[in-house]
file my_file14.cif (mmCIF, C-alpha atoms)
data_input
#
loop_
_atom_site.group_PDB
_atom_site.id
_atom_site.type_symbol
_atom_site.label_atom_id
_atom_site.label_comp_id
_atom_site.auth_asym_id
_atom_site.auth_seq_id
_atom_site.Cartn_x
_atom_site.Cartn_y
_atom_site.Cartn_z
ATOM 1 C CA MET D 1147 168.409 32.922 198.815
ATOM 2 C CA THR D 1148 165.816 34.843 196.871
ATOM 3 C CA MET D 1149 167.085 38.153 195.465
ATOM 4 C CA THR D 1150 164.512 40.932 195.515
ATOM 5 C CA ARG D 1151 164.315 43.576 192.831
ATOM 6 C CA ARG D 1152 165.828 46.105 195.247
ATOM 7 C CA THR D 1153 168.812 43.929 196.192
ATOM 8 C CA PHE D 1154 169.314 42.998 192.554
ATOM 9 C CA ALA D 1155 169.442 46.696 191.604
ATOM 10 C CA ALA D 1156 171.872 47.376 194.442
ATOM 11 C CA ALA D 1157 174.085 44.522 193.279
ATOM 12 C CA LEU D 1158 174.103 45.917 189.755
ATOM 13 C CA VAL D 1159 175.163 49.352 191.005
ATOM 14 C CA ALA D 1160 177.867 47.878 193.215
ATOM 15 C CA GLY D 1161 179.130 45.682 190.395
ATOM 16 C CA SER D 1162 179.204 48.625 188.026
ATOM 17 C CA ALA D 1163 181.178 50.697 190.510
ATOM 18 C CA ALA D 1164 183.628 47.857 191.187
ATOM 19 C CA SER D 1165 184.156 47.358 187.466
ATOM 20 C CA LEU D 1166 184.677 51.080 186.978
ATOM 21 C CA MET D 1167 187.167 51.306 189.833
ATOM 22 C CA ALA D 1168 189.140 48.387 188.448
ATOM 23 C CA LYS D 1169 189.247 49.908 184.953
ATOM 24 C CA ARG D 1170 190.612 53.206 186.272
ATOM 25 C CA GLY D 1171 192.975 51.695 188.836
ATOM 26 C CA PHE D 1172 190.792 52.000 191.938
ATOM 27 C CA ALA D 1173 190.764 48.321 192.854
ATOM 28 C CA ALA D 1174 191.077 47.409 196.521
ATOM 29 C CA GLY D 1175 194.666 47.499 197.697
ATOM 30 C CA THR D 1176 195.734 50.364 195.407
ATOM 31 C CA THR D 1177 195.661 54.068 196.210
ATOM 32 C CA PRO D 1178 193.019 54.620 198.910
ATOM 33 C CA LEU D 1179 190.418 57.361 198.760
ATOM 34 C CA LYS D 1180 191.495 60.372 200.820
ATOM 35 C CA ALA D 1181 188.201 62.237 200.557
ATOM 36 C CA ARG D 1182 185.205 61.086 202.567
ATOM 37 C CA ASN D 1183 182.641 63.243 200.851
ATOM 38 C CA VAL D 1184 181.544 64.528 197.475
ATOM 39 C CA VAL D 1185 179.381 67.622 197.001
ATOM 40 C CA LEU D 1186 177.745 67.966 193.582
ATOM 41 C CA VAL D 1187 176.385 71.242 192.206
ATOM 42 C CA HIS D 1188 174.151 71.547 189.148
ATOM 43 C CA GLY D 1189 174.104 74.355 186.604
ATOM 44 C CA LEU D 1190 171.532 76.120 184.452
ATOM 45 C CA PHE D 1191 168.522 74.360 182.917
ATOM 46 C CA ALA D 1192 168.659 71.617 185.563
ATOM 47 C CA ASP D 1193 168.214 70.679 189.199
ATOM 48 C CA GLY D 1194 169.943 68.237 191.534
ATOM 49 C CA SER D 1195 168.358 65.253 189.797
ATOM 50 C CA CYS D 1196 170.837 65.604 186.922
ATOM 51 C CA TRP D 1197 173.358 63.751 189.137
ATOM 52 C CA LEU D 1198 171.210 60.640 189.624
ATOM 53 C CA GLU D 1199 173.395 58.480 187.370
ATOM 54 C CA VAL D 1200 176.622 59.541 189.106
ATOM 55 C CA ILE D 1201 175.476 59.405 192.741
ATOM 56 C CA PRO D 1202 175.004 55.614 193.129
ATOM 57 C CA ARG D 1203 178.390 54.952 191.543
ATOM 58 C CA LEU D 1204 180.078 57.172 194.131
ATOM 59 C CA GLN D 1205 178.037 55.782 197.012
ATOM 60 C CA ALA D 1206 178.997 52.244 195.995
ATOM 61 C CA ALA D 1207 182.642 53.306 196.369
ATOM 62 C CA GLY D 1208 181.942 54.300 199.983
ATOM 63 C CA LEU D 1209 181.673 58.063 199.565
ATOM 64 C CA ASN D 1210 179.142 60.294 201.312
ATOM 65 C CA VAL D 1211 177.419 62.231 198.519
ATOM 66 C CA THR D 1212 175.273 65.365 198.650
ATOM 67 C CA ALA D 1213 173.713 67.196 195.697
ATOM 68 C CA VAL D 1214 173.160 70.908 196.257
ATOM 69 C CA GLN D 1215 169.906 72.427 195.048
ATOM 70 C CA ASN D 1216 171.320 75.548 193.401
ATOM 71 C CA PRO D 1217 168.767 78.419 193.670
ATOM 72 C CA LEU D 1218 169.904 79.922 190.310
ATOM 73 C CA THR D 1219 169.094 83.430 191.556
ATOM 74 C CA THR D 1220 172.376 85.295 192.058
ATOM 75 C CA LEU D 1221 175.940 84.027 192.196
ATOM 76 C CA SER D 1222 176.318 85.080 195.839
ATOM 77 C CA GLU D 1223 173.149 83.231 196.865
ATOM 78 C CA ALA D 1224 174.204 80.160 194.883
ATOM 79 C CA VAL D 1225 177.625 80.174 196.559
ATOM 80 C CA THR D 1226 176.012 80.564 199.990
ATOM 81 C CA SER D 1227 173.770 77.570 199.280
ATOM 82 C CA ALA D 1228 176.803 75.443 198.439
ATOM 83 C CA GLU D 1229 178.776 76.716 201.428
ATOM 84 C CA ARG D 1230 176.007 75.625 203.804
ATOM 85 C CA VAL D 1231 176.362 72.085 202.485
ATOM 86 C CA LEU D 1232 180.165 72.222 202.601
ATOM 87 C CA ALA D 1233 180.064 73.295 206.258
ATOM 88 C CA ARG D 1234 178.192 70.090 207.112
ATOM 89 C CA GLN D 1235 180.848 67.804 205.632
ATOM 90 C CA ASP D 1236 183.072 65.898 208.033
ATOM 91 C CA GLY D 1237 186.540 65.621 206.557
ATOM 92 C CA PRO D 1238 188.062 66.039 203.096
ATOM 93 C CA THR D 1239 185.521 66.765 200.380
ATOM 94 C CA VAL D 1240 185.584 66.807 196.585
ATOM 95 C CA LEU D 1241 183.541 69.681 195.158
ATOM 96 C CA VAL D 1242 182.074 68.986 191.714
ATOM 97 C CA GLY D 1243 180.348 71.446 189.405
ATOM 98 C CA HIS D 1244 178.535 71.031 186.106
ATOM 99 C CA SER D 1245 178.065 73.823 183.580
ATOM 100 C CA PHE D 1246 177.392 77.219 185.220
ATOM 101 C CA SER D 1247 178.152 75.824 188.681
ATOM 102 C CA GLY D 1248 181.819 75.835 187.782
ATOM 103 C CA MET D 1249 181.495 79.451 188.933
ATOM 104 C CA ILE D 1250 180.381 78.168 192.333
ATOM 105 C CA VAL D 1251 183.197 75.614 192.502
ATOM 106 C CA THR D 1252 185.710 78.317 191.610
ATOM 107 C CA GLU D 1253 184.396 80.670 194.313
ATOM 108 C CA ALA D 1254 183.468 78.269 197.130
ATOM 109 C CA GLY D 1255 186.293 75.807 196.459
ATOM 110 C CA VAL D 1256 188.645 77.702 198.769
ATOM 111 C CA HIS D 1257 186.670 76.271 201.709
ATOM 112 C CA PRO D 1258 189.083 74.405 204.024
ATOM 113 C CA ASN D 1259 187.102 71.147 203.698
ATOM 114 C CA ILE D 1260 187.780 70.977 199.950
ATOM 115 C CA SER D 1261 190.524 68.558 198.935
ATOM 116 C CA ALA D 1262 189.954 68.667 195.160
ATOM 117 C CA LEU D 1263 187.784 70.284 192.498
ATOM 118 C CA VAL D 1264 186.067 68.625 189.539
ATOM 119 C CA TYR D 1265 184.635 70.557 186.596
ATOM 120 C CA VAL D 1266 182.205 68.749 184.284
ATOM 121 C CA ALA D 1267 181.792 70.736 181.045
ATOM 122 C CA ALA D 1268 181.854 73.707 183.385
ATOM 123 C CA ARG D 1269 182.769 77.352 183.582
ATOM 124 C CA ALA D 1270 186.146 77.917 185.232
ATOM 125 C CA PRO D 1271 186.823 81.664 185.408
ATOM 126 C CA ASP D 1272 189.791 83.338 186.995
ATOM 127 C CA ALA D 1273 189.223 85.663 189.945
ATOM 128 C CA GLY D 1274 187.312 88.738 188.780
ATOM 129 C CA GLU D 1275 187.248 87.547 185.186
ATOM 130 C CA ASP D 1276 184.384 88.454 182.858
ATOM 131 C CA TYR D 1277 183.338 84.952 181.829
ATOM 132 C CA THR D 1278 180.912 86.267 179.212
ATOM 133 C CA GLY D 1279 183.745 88.210 177.603
ATOM 134 C CA LEU D 1280 185.970 85.136 177.675
ATOM 135 C CA ALA D 1281 183.261 82.995 176.085
ATOM 136 C CA LYS D 1282 182.847 85.502 173.259
ATOM 137 C CA THR D 1283 186.403 84.799 172.112
ATOM 138 C CA PHE D 1284 185.140 81.371 170.993
ATOM 139 C CA PRO D 1285 182.316 80.538 168.549
ATOM 140 C CA THR D 1286 178.885 80.852 170.166
ATOM 141 C CA PRO D 1287 177.362 77.422 170.908
ATOM 142 C CA PRO D 1288 173.924 76.667 169.388
ATOM 143 C CA ALA D 1289 172.087 76.378 172.715
ATOM 144 C CA SER D 1290 172.502 80.102 173.377
ATOM 145 C CA ALA D 1291 169.942 80.878 170.690
ATOM 146 C CA GLY D 1292 167.406 78.662 172.459
ATOM 147 C CA ILE D 1293 167.233 80.609 175.725
ATOM 148 C CA VAL D 1294 163.801 82.190 176.247
ATOM 149 C CA PHE D 1295 162.867 84.679 178.952
ATOM 150 C CA ASP D 1296 159.691 85.207 180.915
ATOM 151 C CA GLY D 1297 160.441 88.514 182.612
ATOM 152 C CA ASP D 1298 163.631 87.993 184.616
ATOM 153 C CA GLU D 1299 163.488 84.200 184.387
ATOM 154 C CA GLY D 1300 165.266 82.298 181.628
ATOM 155 C CA ARG D 1301 165.039 78.706 180.415
ATOM 156 C CA LEU D 1302 165.796 76.649 177.315
ATOM 157 C CA SER D 1303 163.108 76.000 174.746
ATOM 158 C CA GLU D 1304 162.130 72.367 174.403
ATOM 159 C CA GLU D 1305 163.778 72.094 170.985
ATOM 160 C CA ALA D 1306 167.054 73.560 172.255
ATOM 161 C CA PHE D 1307 166.957 71.417 175.384
ATOM 162 C CA LEU D 1308 166.461 68.170 173.469
ATOM 163 C CA HIS D 1309 168.882 68.944 170.634
ATOM 164 C CA ASP D 1310 171.554 71.252 172.057
ATOM 165 C CA PHE D 1311 171.607 70.465 175.790
ATOM 166 C CA ALA D 1312 170.756 66.764 176.014
ATOM 167 C CA GLY D 1313 171.435 65.716 172.440
ATOM 168 C CA ASP D 1314 172.906 62.286 173.188
ATOM 169 C CA LEU D 1315 170.175 61.144 175.570
ATOM 170 C CA PRO D 1316 167.145 59.089 174.538
ATOM 171 C CA PRO D 1317 164.378 61.594 173.660
ATOM 172 C CA ALA D 1318 162.006 60.223 176.316
ATOM 173 C CA LYS D 1319 164.643 60.699 179.034
ATOM 174 C CA ALA D 1320 165.545 64.151 177.754
ATOM 175 C CA ARG D 1321 161.883 65.201 177.917
ATOM 176 C CA VAL D 1322 161.698 64.157 181.560
ATOM 177 C CA LEU D 1323 164.722 66.333 182.321
ATOM 178 C CA TYR D 1324 163.153 69.175 180.351
ATOM 179 C CA ALA D 1325 160.044 68.870 182.527
ATOM 180 C CA VAL D 1326 162.064 69.488 185.727
ATOM 181 C CA GLN D 1327 164.176 72.277 184.240
ATOM 182 C CA GLU D 1328 164.749 74.991 186.846
ATOM 183 C CA PRO D 1329 164.543 78.582 185.515
ATOM 184 C CA PHE D 1330 167.434 80.938 186.241
ATOM 185 C CA HIS D 1331 167.357 84.662 187.039
ATOM 186 C CA LYS D 1332 169.073 87.154 184.741
ATOM 187 C CA ALA D 1333 171.010 88.500 187.734
ATOM 188 C CA LEU D 1334 172.789 85.163 188.052
ATOM 189 C CA LEU D 1335 174.705 85.793 184.839
ATOM 190 C CA THR D 1336 176.126 89.134 186.002
ATOM 191 C CA GLY D 1337 178.098 87.721 188.938
ATOM 192 C CA LYS D 1338 181.886 87.483 188.968
ATOM 193 C CA THR D 1339 184.049 85.294 191.160
ATOM 194 C CA SER D 1340 186.425 86.881 193.646
ATOM 195 C CA ASN D 1341 188.360 83.632 194.167
ATOM 196 C CA ALA D 1342 189.986 81.173 191.779
ATOM 197 C CA ALA D 1343 190.101 78.023 193.890
ATOM 198 C CA TRP D 1344 191.703 76.056 191.060
ATOM 199 C CA ARG D 1345 194.894 78.044 191.593
ATOM 200 C CA SER D 1346 195.409 76.391 194.983
ATOM 201 C CA LYS D 1347 193.446 73.099 194.869
ATOM 202 C CA PRO D 1348 194.036 69.960 192.768
ATOM 203 C CA SER D 1349 191.688 70.270 189.799
ATOM 204 C CA PHE D 1350 190.107 67.858 187.331
ATOM 205 C CA TYR D 1351 188.134 68.614 184.179
ATOM 206 C CA ALA D 1352 185.844 66.543 181.937
ATOM 207 C CA VAL D 1353 185.521 68.059 178.459
ATOM 208 C CA SER D 1354 182.392 67.162 176.474
ATOM 209 C CA THR D 1355 183.580 66.989 172.875
ATOM 210 C CA GLU D 1356 180.058 67.128 171.360
ATOM 211 C CA ASP D 1357 178.895 69.968 173.605
ATOM 212 C CA ARG D 1358 176.451 72.455 172.032
ATOM 213 C CA THR D 1359 175.977 74.487 175.232
ATOM 214 C CA ILE D 1360 179.565 75.418 176.186
ATOM 215 C CA ASN D 1361 182.067 75.398 173.333
ATOM 216 C CA PRO D 1362 184.391 72.375 173.709
ATOM 217 C CA ASP D 1363 187.428 74.473 172.757
ATOM 218 C CA LEU D 1364 186.558 76.927 175.517
ATOM 219 C CA GLN D 1365 186.397 73.975 177.904
ATOM 220 C CA ARG D 1366 189.820 72.809 176.724
ATOM 221 C CA PHE D 1367 191.231 76.311 177.171
ATOM 222 C CA MET D 1368 189.980 76.570 180.757
ATOM 223 C CA ALA D 1369 191.153 73.055 181.627
ATOM 224 C CA LYS D 1370 194.639 73.722 180.238
ATOM 225 C CA ARG D 1371 194.874 77.112 181.952
ATOM 226 C CA MET D 1372 194.159 75.598 185.349
ATOM 227 C CA GLY D 1373 196.533 72.696 184.758
ATOM 228 C CA ALA D 1374 193.710 70.252 185.394
ATOM 229 C CA ASN D 1375 193.906 66.508 185.047
ATOM 230 C CA THR D 1376 191.674 66.302 182.001
ATOM 231 C CA ILE D 1377 189.595 63.681 180.255
ATOM 232 C CA GLU D 1378 187.516 64.061 177.103
ATOM 233 C CA VAL D 1379 184.219 62.264 176.642
ATOM 234 C CA LYS D 1380 182.327 62.073 173.369
ATOM 235 C CA GLY D 1381 179.126 63.416 174.826
ATOM 236 C CA SER D 1382 176.675 66.280 174.998
ATOM 237 C CA HIS D 1383 176.541 68.899 177.722
ATOM 238 C CA LEU D 1384 174.851 66.226 179.849
ATOM 239 C CA ALA D 1385 177.797 63.816 179.801
ATOM 240 C CA LEU D 1386 177.241 63.385 183.542
ATOM 241 C CA ILE D 1387 174.200 61.328 182.476
ATOM 242 C CA SER D 1388 175.245 59.832 179.137
ATOM 243 C CA HIS D 1389 178.801 59.042 180.331
ATOM 244 C CA ALA D 1390 178.235 58.570 184.045
ATOM 245 C CA ASP D 1391 180.953 55.904 184.343
ATOM 246 C CA GLU D 1392 183.639 58.257 183.049
ATOM 247 C CA ILE D 1393 182.441 61.195 185.153
ATOM 248 C CA ALA D 1394 182.210 59.082 188.310
ATOM 249 C CA GLY D 1395 185.679 57.703 187.531
ATOM 250 C CA LEU D 1396 187.135 61.202 187.339
ATOM 251 C CA ILE D 1397 185.520 62.116 190.662
ATOM 252 C CA LEU D 1398 186.930 58.969 192.247
ATOM 253 C CA GLU D 1399 190.347 59.938 190.909
ATOM 254 C CA ALA D 1400 189.962 63.363 192.526
ATOM 255 C CA ALA D 1401 189.005 61.656 195.796
ATOM 256 C CA GLN D 1402 192.449 60.020 195.883
ATOM 257 C CA VAL D 1403 194.340 63.300 196.195
ATOM 258 C CA GLY D 1404 194.669 65.848 198.961
ATOM 259 C CA ALA D 1405 194.977 69.609 198.842
#
call {"tool": "encode", "arguments": {"input": "my_file14.cif", "output": "structure tokens"}}
result
Amino acid sequence: MTMTRRTFAAALVAGSAASLMAKRGFAAGTTPLKARNVVLVHGLFADGSCWLEVIPRLQAAGLNVTAVQNPLTTLSEAVTSAERVLARQDGPTVLVGHSFSGMIVTEAGVHPNISALVYVAARAPDAGEDYTGLAKTFPTPPASAGIVFDGDEGRLSEEAFLHDFAGDLPPAKARVLYAVQEPFHKALLTGKTSNAAWRSKPSFYAVSTEDRTINPDLQRFMAKRMGANTIEVKGSHLALISHADEIAGLILEAAQVGA
């Protein structure tokens, strides 16, 4: 039988997912997945396309996956956007946040559909906590100096994006991601969470050890405080792209547990 390019690509993705599941103990006949769905939320300087390396790995494992397009306007509007997606999920759902969207996971994660939370180099504040104040107790990461504003909209300069945000990606790929960078509103950074979903839901955290956008020691602090099942990947802030196997594996692990 002739294999088309499309079926060949699908076979590669499926094989990659099967290999990953076997490496992390997800082979058929072991612990089954309890979650049916995964909802992914992106952070600053990005859009939903930042999950493109993770999505096929999860789909190959049989999960229904949705990436939220975070409006990056205010925290309340961002949470509402995620909640609309969560309301459409049928059955247990793993909620995953990268970077700033850890705020959204922390706030919206109390939704009854949520069976587990996954933070990928993400903010994980306590209820009512001043995250900016918390971050200042750790050395300031280099990417902060690369934020430029056009009125109320902020974005990373190209140099900061390539070096401090996506430093372990091939330059050509990083430039494509820079081209689709979504600006954020200043008001977004003033929001505080009223919930701390990680206090009541099983939580998982992927620390990026080479992160120049959120201090890795701050990530470790937040992961330890929440009692998260934690992995460390030697990657940039975009480990969800450069280390997609490890990130997908952690999400699959979260899909095995129930709240």
call {"tool": "closest_residue", "arguments": {"input": "my_file14.cif", "among": "D:Ile1293, D:Leu1186, D:Ile1387, D:Leu1396", "to": "Pro1329 (chain D)", "atoms": "all atoms listed in the file"}}
result
D:Ile1293
call {"tool": "atom_distance", "arguments": {"input": "my_file14.cif", "atom1": "CA of His1331 (chain D)", "atom2": "CA of Thr1359 (chain D)"}}
result
17.8 Å
call {"tool": "atom_distance", "arguments": {"input": "my_file14.cif", "atom1": "CA of Asn1216 (chain D)", "atom2": "CA of Gly1373 (chain D)"}}
result
26.8 Å
call {"tool": "resolve_selection", "arguments": {"input": "my_file14.cif", "expression": "the PyMOL selection byres ((chain D and resi 1356) around 12)", "output": "list in words"}}
result
Ala1267, Pro1287, Pro1288, His1309, Asp1310, Phe1311, Ala1312, Gly1313, Asp1314, Val1353, Ser1354, Thr1355, Asp1357, Arg1358, Thr1359, Ile1360, Asn1361, Pro1362, Asp1363, Gln1365, Glu1378, Val1379, Lys1380, Gly1381, Ser1382, His1383, Leu1384, Ala1385 and Ser1388 of chain D
call {"tool": "closest_residue", "arguments": {"input": "my_file14.cif", "among": "D:Ser1346, D:Thr1336, D:Thr1239, D:Thr1286", "to": "Leu1179 (chain D)", "atoms": "only C-alpha atoms"}}
result
D:Thr1239
call {"tool": "closest_residue", "arguments": {"input": "my_file14.cif", "among": "D:Phe1191, D:Gly1208, D:Phe1350, D:Leu1241", "to": "Ser1303 (chain D)", "atoms": "only C-alpha atoms"}}
result
D:Phe1191
call {"tool": "atom_distance", "arguments": {"input": "my_file14.cif", "atom1": "CA of Lys1319 (chain D)", "atom2": "CA of Phe1307 (chain D)"}}
result
11.6 Å
call {"tool": "residues_around", "arguments": {"input": "my_file14.cif", "residues": "Asn1375 (chain D)", "least_positions_apart": "5", "cutoff": "8 Å", "atoms": "all atoms listed in the file", "output": "list in words"}}
result
Ser1349, Phe1350, Tyr1351 and Ala1369 of chain D
call {"tool": "residues_around", "arguments": {"input": "my_file14.cif", "residues": "Asp1236 (chain D)", "least_positions_apart": "3", "cutoff": "8 Å", "atoms": "only C-alpha atoms", "output": "PyMOL selection string"}}
result
chain D and resi 1182-1183+1259
call {"tool": "residues_around", "arguments": {"input": "my_file14.cif", "residues": "Val1187 (chain D)", "least_positions_apart": "5", "cutoff": "6 Å", "atoms": "all atoms listed in the file", "output": "PDB file with C-alpha atoms, in the frame of the given file"}}
result
ATOM      1  CA  ALA D1213     173.713  67.196 195.697  1.00  0.00           C
ATOM      2  CA  VAL D1214     173.160  70.908 196.257  1.00  0.00           C
ATOM      3  CA  GLY D1243     180.348  71.446 189.405  1.00  0.00           C
TER       4      GLY D1243
END
call {"tool": "closest_residue", "arguments": {"input": "my_file14.cif", "among": "D:Leu1218, D:Ala1306, D:Ile1201, D:Ala1262", "to": "Trp1344 (chain D)", "atoms": "all atoms listed in the file"}}
result
D:Ala1262
call {"tool": "resolve_selection", "arguments": {"input": "my_file14.cif", "expression": "the PyMOL selection byres ((chain D and resi 1322) around 12)", "output": "JSON, numbers by chain"}}
result
{"D": [1192, 1193, 1195, 1196, 1304, 1307, 1308, 1312, 1315, 1316, 1317, 1318, 1319, 1320, 1321, 1323, 1324, 1325, 1326, 1327]}
